[in-house]
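Undergrad: Here it is: the structure, laid out below.
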Amino acid sequence: MKECAEQLKGRLVVSCQALPDEPLHSSFIMGRMALAAKQGGAAGIRANTKEDILEIRSQTFLPIIGIVKRDYDGSGVYITPTMKEIDELMEVKPEIIAMDATGGLRPGNLTLDEFFRQAKEKYPDQLWMADCSTVEEAVHADGLGFDFIGTTMVGYTDQSRGDKIEANDFEIIREILAKVEHRVIAEGNIDTPAKAKRVIELGSFCVVVGSVITRPQLITKAFAESLEG
């Protein structure tokens, strides 16, 4: 598993996800999307749900960062929020499992520290990625022992509202790199080849790119709104 994860070093990971309310929601479609990403040079895939992961693996055999997005009443944490989601992912054993590490209470009022300790005890050989939104969260996740520190949630939480990952030459990523010991995965609104190249130059382990490659409704919207404007 660790050897497979090393294949991602310095490379592109493409996030192939479509939620139930999106037009491409289908494990079959995500498998083909991942295959197209592989043909374009992707070294890994980030995927949502065990069903999508099974199909993607059958088409690509690439290392996978696995998540399950699920909403629970009373909690704002939706990326791999409980042990139920981790157990589901472990049925298909993605090389890396990512979870929200933004500090919000999980269902059952579990803190990140409590939940991550339980997950590591249950699956000690699994590699884990922390989806963070601030430098402080990244440093905390690093201390907890996550194998990978991700910038996935920058700009998507109350505490990071208005933050732009590319601001001041990726200042957030540079600060995280200077303060953590574990490998940093750059993710979140890295929407051009130049930005992807830059975060690797700065020292990120790999870079995850999603919507600008795999969500055609958003790509189309950007073009359409530019003409309307």
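Letters A, B, ... go to the chains of the structure tokens in the order shown; residues in each chain start at 1; ligands are counted from 1 in the same order.
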I need the strand (DSSP E or B) residues of stretch 125-193 of chain A per DSSP on the backbone, written as a PyMOL selection string.
TA: chain A and resi 127-131+148-150+183-187
Undergrad: Once you have the residues from the selection above, write them out as a PDB file, in the first residue's frame, restricted to N, CA, C and O atoms.
TA:
ATOM      1  N   LEU A 127      -3.254   4.030   5.360  1.00  0.00           N
ATOM      2  CA  LEU A 127      -2.723   5.394   5.214  1.00  0.00           C
ATOM      3  C   LEU A 127      -3.875   6.380   5.280  1.00  0.00           C
ATOM      4  O   LEU A 127      -4.945   6.149   4.711  1.00  0.00           O
ATOM      5  N   TRP A 128      -3.638   7.520   5.950  1.00  0.00           N
ATOM      6  CA  TRP A 128      -4.694   8.491   6.214  1.00  0.00           C
ATOM      7  C   TRP A 128      -4.310   9.882   5.716  1.00  0.00           C
ATOM      8  O   TRP A 128      -3.170  10.310   5.868  1.00  0.00           O
ATOM      9  N   MET A 129      -5.302  10.593   5.176  1.00  0.00           N
ATOM     10  CA  MET A 129      -5.117  11.967   4.709  1.00  0.00           C
ATOM     11  C   MET A 129      -6.073  12.884   5.459  1.00  0.00           C
ATOM     12  O   MET A 129      -7.257  12.575   5.618  1.00  0.00           O
ATOM     13  N   ALA A 130      -5.559  14.023   5.917  1.00  0.00           N
ATOM     14  CA  ALA A 130      -6.359  15.015   6.624  1.00  0.00           C
ATOM     15  C   ALA A 130      -6.763  16.126   5.660  1.00  0.00           C
ATOM     16  O   ALA A 130      -5.906  16.787   5.074  1.00  0.00           O
ATOM     17  N   ASP A 131      -8.061  16.323   5.486  1.00  0.00           N
ATOM     18  CA  ASP A 131      -8.572  17.416   4.659  1.00  0.00           C
ATOM     19  C   ASP A 131      -8.717  18.658   5.542  1.00  0.00           C
ATOM     20  O   ASP A 131      -9.641  18.742   6.362  1.00  0.00           O
ATOM     21  N   PHE A 148      -0.746  12.051   5.434  1.00  0.00           N
ATOM     22  CA  PHE A 148      -0.763  13.112   4.435  1.00  0.00           C
ATOM     23  C   PHE A 148      -1.608  14.270   4.955  1.00  0.00           C
ATOM     24  O   PHE A 148      -2.677  14.055   5.534  1.00  0.00           O
ATOM     25  N   ILE A 149      -1.134  15.480   4.726  1.00  0.00           N
ATOM     26  CA  ILE A 149      -1.845  16.681   5.124  1.00  0.00           C
ATOM     27  C   ILE A 149      -2.341  17.371   3.860  1.00  0.00           C
ATOM     28  O   ILE A 149      -1.539  17.771   3.012  1.00  0.00           O
ATOM     29  N   GLY A 150      -3.659  17.500   3.720  1.00  0.00           N
ATOM     30  CA  GLY A 150      -4.237  18.082   2.515  1.00  0.00           C
ATOM     31  C   GLY A 150      -4.812  19.468   2.757  1.00  0.00           C
ATOM     32  O   GLY A 150      -5.258  19.786   3.863  1.00  0.00           O
ATOM     33  N   ARG A 183       3.833  14.425   4.729  1.00  0.00           N
ATOM     34  CA  ARG A 183       3.742  14.882   3.343  1.00  0.00           C
ATOM     35  C   ARG A 183       2.479  15.702   3.106  1.00  0.00           C
ATOM     36  O   ARG A 183       1.416  15.398   3.640  1.00  0.00           O
ATOM     37  N   VAL A 184       2.622  16.732   2.302  1.00  0.00           N
ATOM     38  CA  VAL A 184       1.520  17.654   2.024  1.00  0.00           C
ATOM     39  C   VAL A 184       0.969  17.390   0.629  1.00  0.00           C
ATOM     40  O   VAL A 184       1.726  17.339  -0.355  1.00  0.00           O
ATOM     41  N   ILE A 185      -0.341  17.211   0.567  1.00  0.00           N
ATOM     42  CA  ILE A 185      -1.034  17.067  -0.720  1.00  0.00           C
ATOM     43  C   ILE A 185      -1.771  18.360  -1.002  1.00  0.00           C
ATOM     44  O   ILE A 185      -2.647  18.775  -0.235  1.00  0.00           O
ATOM     45  N   ALA A 186      -1.417  19.011  -2.082  1.00  0.00           N
ATOM     46  CA  ALA A 186      -2.056  20.266  -2.465  1.00  0.00           C
ATOM     47  C   ALA A 186      -3.371  19.961  -3.176  1.00  0.00           C
ATOM     48  O   ALA A 186      -3.400  19.202  -4.145  1.00  0.00           O
ATOM     49  N   GLU A 187      -4.452  20.542  -2.670  1.00  0.00           N
ATOM     50  CA  GLU A 187      -5.770  20.293  -3.250  1.00  0.00           C
ATOM     51  C   GLU A 187      -6.681  21.466  -2.933  1.00  0.00           C
ATOM     52  O   GLU A 187      -6.551  22.116  -1.903  1.00  0.00           O
TER      53      GLU A 187
END
Undergrad: Which polymer residues have any atom within 7 Å of an atom of stretch 61-73 of chain A, counting only C-alpha atoms, with same-chain residues fewer than 6 positions away left out, as a list in words?
TA: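 Selected residues are Cys4, Ala5, Ala43, Gly44, Ile45, Arg46, Ala47, Asn48, Thr49, Ile79, Thr80, Glu85, Leu89, Pro94, Glu95, Ile96, Ile97, Ala98, Met99 and Pro107 of chain A.
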Undergrad: Between atom CA of A:Ser26 and atom CA of A:Gly74, measure the distance and give it in Å to one decimal.
TA: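 According to the coordinates, atom CA of A:Ser26 and atom CA of A:Gly74 are separated by 28.2 Å.
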Undergrad: Just the residues within 10 Å of A:Thr157, please, counting only C-alpha atoms, with nothing from its chain fewer than 5 positions along; format it as a list in words.
TA: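 Skipping anything fewer than 5 positions along the chain leaves Gly76, Thr102, Gly104, Cys132, Ser133, Thr134, Gly162 and Asp163 of chain A.
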Undergrad: Kindly give the distance, in Å, that separates atom CA of A:Ala34 and atom CA of A:Glu201, rounded to a single decimal.
TA: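 So the answer is 25.2 Å.
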Undergrad: Which one is closest to A:Lys179: A:Val139, A:Ile219, A:Val207, A:Leu105? Count only C-alpha atoms.
TA: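 Residue with the minimum atom-to-atom distance to A:Lys179: A:Val139.
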Undergrad: Can you list, as a VMD selection string, all residues belonging to stretch 16-181 of chain A that DSSP tags as helix (DSSP H, G or I)?
TA: chain A and resid 27 to 40 50 to 60 83 to 90 112 to 122 135 to 144 158 to 160 167 to 179
Undergrad: With only C-alpha atoms as the counted atoms, please give the residues lying no more than 10 Å from A:Gln217, apart from itself and same-chain residues fewer than 5 positions off, as a ChimeraX atom specification.
TA: /A:22-24,211-212,222
Undergrad: Kindly export the residues of the current selection with C-alpha atoms, as a PDB file, in the first residue's frame.
TA:
ATOM      1  CA  GLU A  22     -25.205  15.858 -10.552  1.00  0.00           C
ATOM      2  CA  PRO A  23     -25.693  14.682 -14.152  1.00  0.00           C
ATOM      3  CA  LEU A  24     -22.657  12.377 -14.220  1.00  0.00           C
ATOM      4  CA  SER A 211     -13.744  20.203 -10.956  1.00  0.00           C
ATOM      5  CA  VAL A 212     -11.785  21.858 -13.753  1.00  0.00           C
ATOM      6  CA  ALA A 222     -17.409  29.424 -16.562  1.00  0.00           C
TER       7      ALA A 222
END
Undergrad: May I ask for the distance between atom CA of A:Gln39 and atom CA of A:Ile53, given in Å to one decimal place?
TA: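 Atom-to-atom, atom CA of A:Gln39 and atom CA of A:Ile53 are spaced 17.6 Å apart.
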Undergrad: For A:Leu110, list every protein, DNA or RNA residue within 12 Å, evaluated using only C-alpha atoms, and leave out those in the same chain fewer than 6 positions away; present the list as a list of chain:residue names.
TA: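 Here the qualifying residues turn out to be A:Gly74, A:Ser75, A:Val77, A:Pro81, A:Thr82, A:Met83, A:Gly103, A:Gly104, A:Phe116, A:Arg117, A:Gln118.
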Undergrad: Please produce a file of those selected residues containing C-alpha atoms, as a CSV table (one decimal), in the first residue's frame.
TA:
chain,number,residue,atom,x,y,z
A,74,GLY,CA,-26.3,18.0,13.8
A,75,SER,CA,-22.9,17.9,12.2
A,77,VAL,CA,-18.6,17.2,8.9
A,81,PRO,CA,-17.6,11.5,9.0
A,82,THR,CA,-18.0,8.2,11.0
A,83,MET,CA,-16.7,4.7,11.3
A,103,GLY,CA,-12.1,20.7,13.8
A,104,GLY,CA,-15.8,20.4,13.7
A,116,PHE,CA,-8.9,9.5,14.3
A,117,ARG,CA,-7.5,7.5,17.3
A,118,GLN,CA,-10.4,5.0,16.9
Undergrad: Taking into account only C-alpha atoms, which residue in the set A:Val92, A:Ala101, A:Cys16, A:Leu35 is nearest to A:Tyr78?
TA: A:Ala101
Undergrad: Considering only C-alpha atoms, return as a PyMOL selection string whatever protein or nucleic-acid residues lie within 10 Å of A:Arg11, sequence-local ones (same chain, fewer than 5 positions apart) excluded.
TA: chain A and resi 6+41-44+196-197+200+204-208
